[in-house]
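Structure, as structure tokens:
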Amino acid sequence: MDAAGGKPHRPFISAKESIFLTMDKQMMAEEIYKLAHWNGEVRMRSGATSDNYVDPYRFESDPRLMGAIAWEMSTFVPVGTNVLAGLELGGIPLVTVLSLETRIPAVFVRLKAQQYGTGRVAEGAEIAGKRVCVIKDLVSTGTQVLQSVNDLRAAGANVTDVICVIAQDPEGRRNIEAEGIRFHALFTIEELTRIGLGGEEGEPNMEE
């Protein structure tokens, strides 16, 4: 099915053509958890605290993991996507690698427009009139994602999908989907933890 209303699928390249070494999702989850799981309580963007958290910058600094993550994320990029939009800060390295994987142009989205330089909130490819897929590392409540979606739409983009590596809080999915945007995550934090701690095997993806 195409992405006009159906399930996203890999529209661009085959595994043989990927520029990255890949690993299965079970192994990827184990590697992410081992490298990036944070021992101790952290404060989330929403102000809430969590003692089950993965530091995305740890896996985003690992080239082998980033290649595998980009490969998996590319399976969720809808057919017909014109631009990939990475959200500051963690979405920037992800969208760069994913752009290389899919050959789709990227745009880098600031938390807010600067009062100098171009003054744009989105730097890079043109987005006006384009179908745009938002890329994020970790989504908790989705508040920042939706703010950036509104900024992109105000600049003329047609934002249809959000793809992240980790869904930290189910509220994020609910809030994003309530705005008519499809939401895709490679893992929930619960799935990542279960697999990372050596729990049950099987397909870790919570959707599609």
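Each chain in the structure tokens gets a letter, A, B and so on, in the order shown; residues start at 1 in every chain, and ligands are counted from 1 in the order they appear.
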Residues near His184 in chain A, anyone? I mean within 7 Å using only C-alpha atoms, not counting same-chain ones fewer than 2 positions away, as a PyMOL selection string.
chain A and resi 76+162-164+182+186
Could you give me, as a list in words, the residues within 6 Å of Val109 in chain A, counting only C-alpha atoms and dropping anything in the same chain fewer than 4 positions from it?
Gly86, Leu87, Glu88, Val121 and Ala122 of chain A
Could you produce a table of the residues of range 45-83 of chain A lying within 7 Å of range 21-30 of chain A, with the nearest pair of atoms per residue and their separation in Å rounded to one decimal, using only C-alpha atoms, ordered by chain and increasing residue number, as JSON lines?
{"residue": "A:Gly67", "atom": "CA", "partner": "A:Leu21", "partner_atom": "CA", "distance": 6.4}
{"residue": "A:Ala68", "atom": "CA", "partner": "A:Thr22", "partner_atom": "CA", "distance": 4.6}
{"residue": "A:Trp71", "atom": "CA", "partner": "A:Thr22", "partner_atom": "CA", "distance": 6.9}
Restricting the output to N, CA, C and O atoms, write the selected residues as a PDB file, in the first residue's frame.
ATOM      1  N   GLY A  67      23.918   3.583  11.972  1.00  0.00           N
ATOM      2  CA  GLY A  67      23.630   2.996  10.670  1.00  0.00           C
ATOM      3  C   GLY A  67      22.468   2.029  10.733  1.00  0.00           C
ATOM      4  O   GLY A  67      21.566   2.048   9.883  1.00  0.00           O
ATOM      5  N   ALA A  68      22.464   1.174  11.763  1.00  0.00           N
ATOM      6  CA  ALA A  68      21.382   0.202  11.919  1.00  0.00           C
ATOM      7  C   ALA A  68      20.055   0.900  12.212  1.00  0.00           C
ATOM      8  O   ALA A  68      19.000   0.517  11.689  1.00  0.00           O
ATOM      9  N   TRP A  71      18.645   2.440   9.067  1.00  0.00           N
ATOM     10  CA  TRP A  71      18.047   1.396   8.225  1.00  0.00           C
ATOM     11  C   TRP A  71      16.638   1.064   8.696  1.00  0.00           C
ATOM     12  O   TRP A  71      15.696   1.003   7.900  1.00  0.00           O
TER      13      TRP A  71
END
Top pick for closest residue to Ala70 in chain A, considering A:Ile135, A:Val54, A:Leu89, A:Val107 and counting only C-alpha atoms
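Nearest candidate to Ala70 in chain A out of A:Ile135, A:Val54, A:Leu89, A:Val107: A:Ile135.
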Separation of CA of Ser61 in chain A and CA of Val159 in chain A, in Å?
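Going from CA of Ser61 in chain A over to CA of Val159 in chain A, I get 27.6 Å.
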Could you please write out, as number ranges by chain, every residue of range 79-190 of chain A that DSSP assigns to helix (DSSP H, G or I)?
A: 91-102, 143-154, 170-177, 189-190
Give me a file of those residues, with C-alpha atoms, as a PDB file, in the first residue's frame.
ATOM      1  CA  GLY A  91      16.925  14.639  15.605  1.00  0.00           C
ATOM      2  CA  ILE A  92      19.755  16.377  13.736  1.00  0.00           C
ATOM      3  CA  PRO A  93      22.268  13.485  13.637  1.00  0.00           C
ATOM      4  CA  LEU A  94      19.421  11.043  13.017  1.00  0.00           C
ATOM      5  CA  VAL A  95      18.004  12.945  10.058  1.00  0.00           C
ATOM      6  CA  THR A  96      21.472  13.359   8.555  1.00  0.00           C
ATOM      7  CA  VAL A  97      22.133   9.616   8.568  1.00  0.00           C
ATOM      8  CA  LEU A  98      18.571   8.825   7.466  1.00  0.00           C
ATOM      9  CA  SER A  99      18.864  11.266   4.588  1.00  0.00           C
ATOM     10  CA  LEU A 100      21.975   9.413   3.415  1.00  0.00           C
ATOM     11  CA  GLU A 101      20.112   6.103   3.695  1.00  0.00           C
ATOM     12  CA  THR A 102      16.973   7.176   1.829  1.00  0.00           C
ATOM     13  CA  THR A 143       4.718  18.800  23.221  1.00  0.00           C
ATOM     14  CA  GLN A 144       7.928  19.890  21.509  1.00  0.00           C
ATOM     15  CA  VAL A 145       7.190  17.737  18.470  1.00  0.00           C
ATOM     16  CA  LEU A 146       3.807  19.388  17.990  1.00  0.00           C
ATOM     17  CA  GLN A 147       5.281  22.861  18.432  1.00  0.00           C
ATOM     18  CA  SER A 148       7.792  22.079  15.681  1.00  0.00           C
ATOM     19  CA  VAL A 149       5.057  20.582  13.501  1.00  0.00           C
ATOM     20  CA  ASN A 150       3.119  23.839  13.824  1.00  0.00           C
ATOM     21  CA  ASP A 151       6.248  25.802  12.869  1.00  0.00           C
ATOM     22  CA  LEU A 152       6.776  23.611   9.810  1.00  0.00           C
ATOM     23  CA  ARG A 153       3.148  23.921   8.771  1.00  0.00           C
ATOM     24  CA  ALA A 154       3.306  27.685   9.180  1.00  0.00           C
ATOM     25  CA  PRO A 170       2.279   6.672  25.649  1.00  0.00           C
ATOM     26  CA  GLU A 171       0.917  10.209  26.031  1.00  0.00           C
ATOM     27  CA  GLY A 172       3.203  11.320  23.224  1.00  0.00           C
ATOM     28  CA  ARG A 173       1.569   8.962  20.731  1.00  0.00           C
ATOM     29  CA  ARG A 174      -1.910  10.012  21.841  1.00  0.00           C
ATOM     30  CA  ASN A 175      -1.147  13.721  21.572  1.00  0.00           C
ATOM     31  CA  ILE A 176       0.499  13.445  18.163  1.00  0.00           C
ATOM     32  CA  GLU A 177      -2.157  11.199  16.662  1.00  0.00           C
ATOM     33  CA  ILE A 189      10.909   2.353  26.581  1.00  0.00           C
ATOM     34  CA  GLU A 190       9.242  -0.741  28.095  1.00  0.00           C
TER      35      GLU A 190
END
Using only C-alpha atoms, can you tell me which of A:Arg131, A:Arg120, A:Lys136, A:His37 comes closest to Tyr53 in chain A?
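Checking each candidate against Tyr53 in chain A, we get A:His37 as the closest.
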In range 61-164 of chain A, DSSP strand (DSSP E or B) residues written as a VMD selection string
chain A and resid 83 to 87 106 to 109 122 to 124 131 to 139 158 to 164
Residues of the last selection are to be written out with C-alpha atoms, as a PDB file, in the first residue's frame.
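This went into selection-v4.pdb:
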ATOM      1  CA  VAL A  83      11.775  16.144   2.951  1.00  0.00           C
ATOM      2  CA  LEU A  84      12.943  14.678   6.282  1.00  0.00           C
ATOM      3  CA  ALA A  85      12.841  17.166   9.172  1.00  0.00           C
ATOM      4  CA  GLY A  86      15.179  16.568  12.117  1.00  0.00           C
ATOM      5  CA  LEU A  87      14.277  18.349  15.346  1.00  0.00           C
ATOM      6  CA  ALA A 106      16.875  16.971   4.998  1.00  0.00           C
ATOM      7  CA  VAL A 107      15.918  20.071   6.897  1.00  0.00           C
ATOM      8  CA  PHE A 108      17.150  20.965  10.384  1.00  0.00           C
ATOM      9  CA  VAL A 109      14.486  22.392  12.677  1.00  0.00           C
ATOM     10  CA  ALA A 122      13.922  25.280   9.496  1.00  0.00           C
ATOM     11  CA  GLU A 123      17.309  25.313   7.797  1.00  0.00           C
ATOM     12  CA  GLY A 124      18.210  23.297   4.715  1.00  0.00           C
ATOM     13  CA  ARG A 131       5.380  16.420   2.135  1.00  0.00           C
ATOM     14  CA  VAL A 132       7.495  16.322   5.296  1.00  0.00           C
ATOM     15  CA  CYS A 133       8.266  13.526   7.760  1.00  0.00           C
ATOM     16  CA  VAL A 134       9.511  14.604  11.205  1.00  0.00           C
ATOM     17  CA  ILE A 135      12.441  12.738  12.794  1.00  0.00           C
ATOM     18  CA  LYS A 136      13.066  12.646  16.554  1.00  0.00           C
ATOM     19  CA  ASP A 137      15.198  10.589  18.901  1.00  0.00           C
ATOM     20  CA  LEU A 138      12.972  10.289  21.976  1.00  0.00           C
ATOM     21  CA  VAL A 139       9.338  11.355  22.403  1.00  0.00           C
ATOM     22  CA  ASN A 158       2.542  19.231   4.758  1.00  0.00           C
ATOM     23  CA  VAL A 159       3.559  17.218   7.828  1.00  0.00           C
ATOM     24  CA  THR A 160       2.051  13.728   7.789  1.00  0.00           C
ATOM     25  CA  ASP A 161       4.252  11.498   9.951  1.00  0.00           C
ATOM     26  CA  VAL A 162       6.560  11.508  12.969  1.00  0.00           C
ATOM     27  CA  ILE A 163       9.213   8.812  13.392  1.00  0.00           C
ATOM     28  CA  CYS A 164      11.253   8.366  16.561  1.00  0.00           C
TER      29      CYS A 164
END
Test item: residues at most 9 Å from Thr188 in chain A, only C-alpha atoms, excluding those fewer than 2 positions along its chain, as number ranges by chain:
A: 165-170, 185-186, 190-193, 204-206
Please dump the current selection as a PDB file, in the first residue's frame; keep N, CA and C atoms.
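Written output follows (result.pdb):
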ATOM      1  N   VAL A 165      12.970   7.036  17.597  1.00  0.00           N
ATOM      2  CA  VAL A 165      13.630   5.796  18.009  1.00  0.00           C
ATOM      3  C   VAL A 165      12.934   5.208  19.227  1.00  0.00           C
ATOM      4  N   ILE A 166      12.662   6.048  20.231  1.00  0.00           N
ATOM      5  CA  ILE A 166      12.097   5.567  21.491  1.00  0.00           C
ATOM      6  C   ILE A 166      10.878   6.392  21.882  1.00  0.00           C
ATOM      7  N   ALA A 167       9.778   5.714  22.153  1.00  0.00           N
ATOM      8  CA  ALA A 167       8.591   6.353  22.725  1.00  0.00           C
ATOM      9  C   ALA A 167       8.680   6.197  24.236  1.00  0.00           C
ATOM     10  N   GLN A 168       8.976   7.287  24.914  1.00  0.00           N
ATOM     11  CA  GLN A 168       9.186   7.255  26.355  1.00  0.00           C
ATOM     12  C   GLN A 168       7.872   7.199  27.124  1.00  0.00           C
ATOM     13  N   ASP A 169       6.821   7.785  26.561  1.00  0.00           N
ATOM     14  CA  ASP A 169       5.542   7.917  27.266  1.00  0.00           C
ATOM     15  C   ASP A 169       4.397   7.728  26.261  1.00  0.00           C
ATOM     16  N   PRO A 170       3.403   6.865  26.562  1.00  0.00           N
ATOM     17  CA  PRO A 170       2.279   6.672  25.649  1.00  0.00           C
ATOM     18  C   PRO A 170       1.514   7.958  25.351  1.00  0.00           C
ATOM     19  N   ALA A 185       7.357   4.462  16.121  1.00  0.00           N
ATOM     20  CA  ALA A 185       8.504   4.354  17.020  1.00  0.00           C
ATOM     21  C   ALA A 185       9.160   2.997  16.825  1.00  0.00           C
ATOM     22  N   LEU A 186      10.487   2.980  16.833  1.00  0.00           N
ATOM     23  CA  LEU A 186      11.168   1.698  16.748  1.00  0.00           C
ATOM     24  C   LEU A 186      10.927   0.874  18.008  1.00  0.00           C
ATOM     25  N   GLU A 190       9.489   0.536  27.424  1.00  0.00           N
ATOM     26  CA  GLU A 190       9.242  -0.741  28.095  1.00  0.00           C
ATOM     27  C   GLU A 190       9.811  -1.899  27.271  1.00  0.00           C
ATOM     28  N   GLU A 191       9.618  -1.854  25.955  1.00  0.00           N
ATOM     29  CA  GLU A 191      10.161  -2.906  25.088  1.00  0.00           C
ATOM     30  C   GLU A 191      11.683  -2.924  25.140  1.00  0.00           C
ATOM     31  N   LEU A 192      12.256  -1.747  25.071  1.00  0.00           N
ATOM     32  CA  LEU A 192      13.709  -1.636  25.080  1.00  0.00           C
ATOM     33  C   LEU A 192      14.277  -2.191  26.382  1.00  0.00           C
ATOM     34  N   THR A 193      13.617  -1.878  27.494  1.00  0.00           N
ATOM     35  CA  THR A 193      14.077  -2.349  28.797  1.00  0.00           C
ATOM     36  C   THR A 193      13.937  -3.863  28.908  1.00  0.00           C
ATOM     37  N   PRO A 204      10.147  -6.640  18.482  1.00  0.00           N
ATOM     38  CA  PRO A 204       9.971  -5.631  19.520  1.00  0.00           C
ATOM     39  C   PRO A 204       9.146  -4.442  19.089  1.00  0.00           C
ATOM     40  N   ASN A 205       8.840  -4.307  17.816  1.00  0.00           N
ATOM     41  CA  ASN A 205       8.118  -3.117  17.363  1.00  0.00           C
ATOM     42  C   ASN A 205       6.678  -3.176  17.847  1.00  0.00           C
ATOM     43  N   MET A 206       6.173  -2.066  18.346  1.00  0.00           N
ATOM     44  CA  MET A 206       4.841  -2.062  18.946  1.00  0.00           C
ATOM     45  C   MET A 206       3.737  -1.808  17.927  1.00  0.00           C
TER      46      MET A 206
END
What is the CA of Ile195 in chain A-CA of Tyr33 in chain A distance in Å, reported with one decimal?
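We find that CA of Ile195 in chain A and CA of Tyr33 in chain A lie 8.3 Å from each other.
Note that the spacing between CA of Pro78 in chain A and CA of Ala155 in chain A amounts to 20.8 Å.
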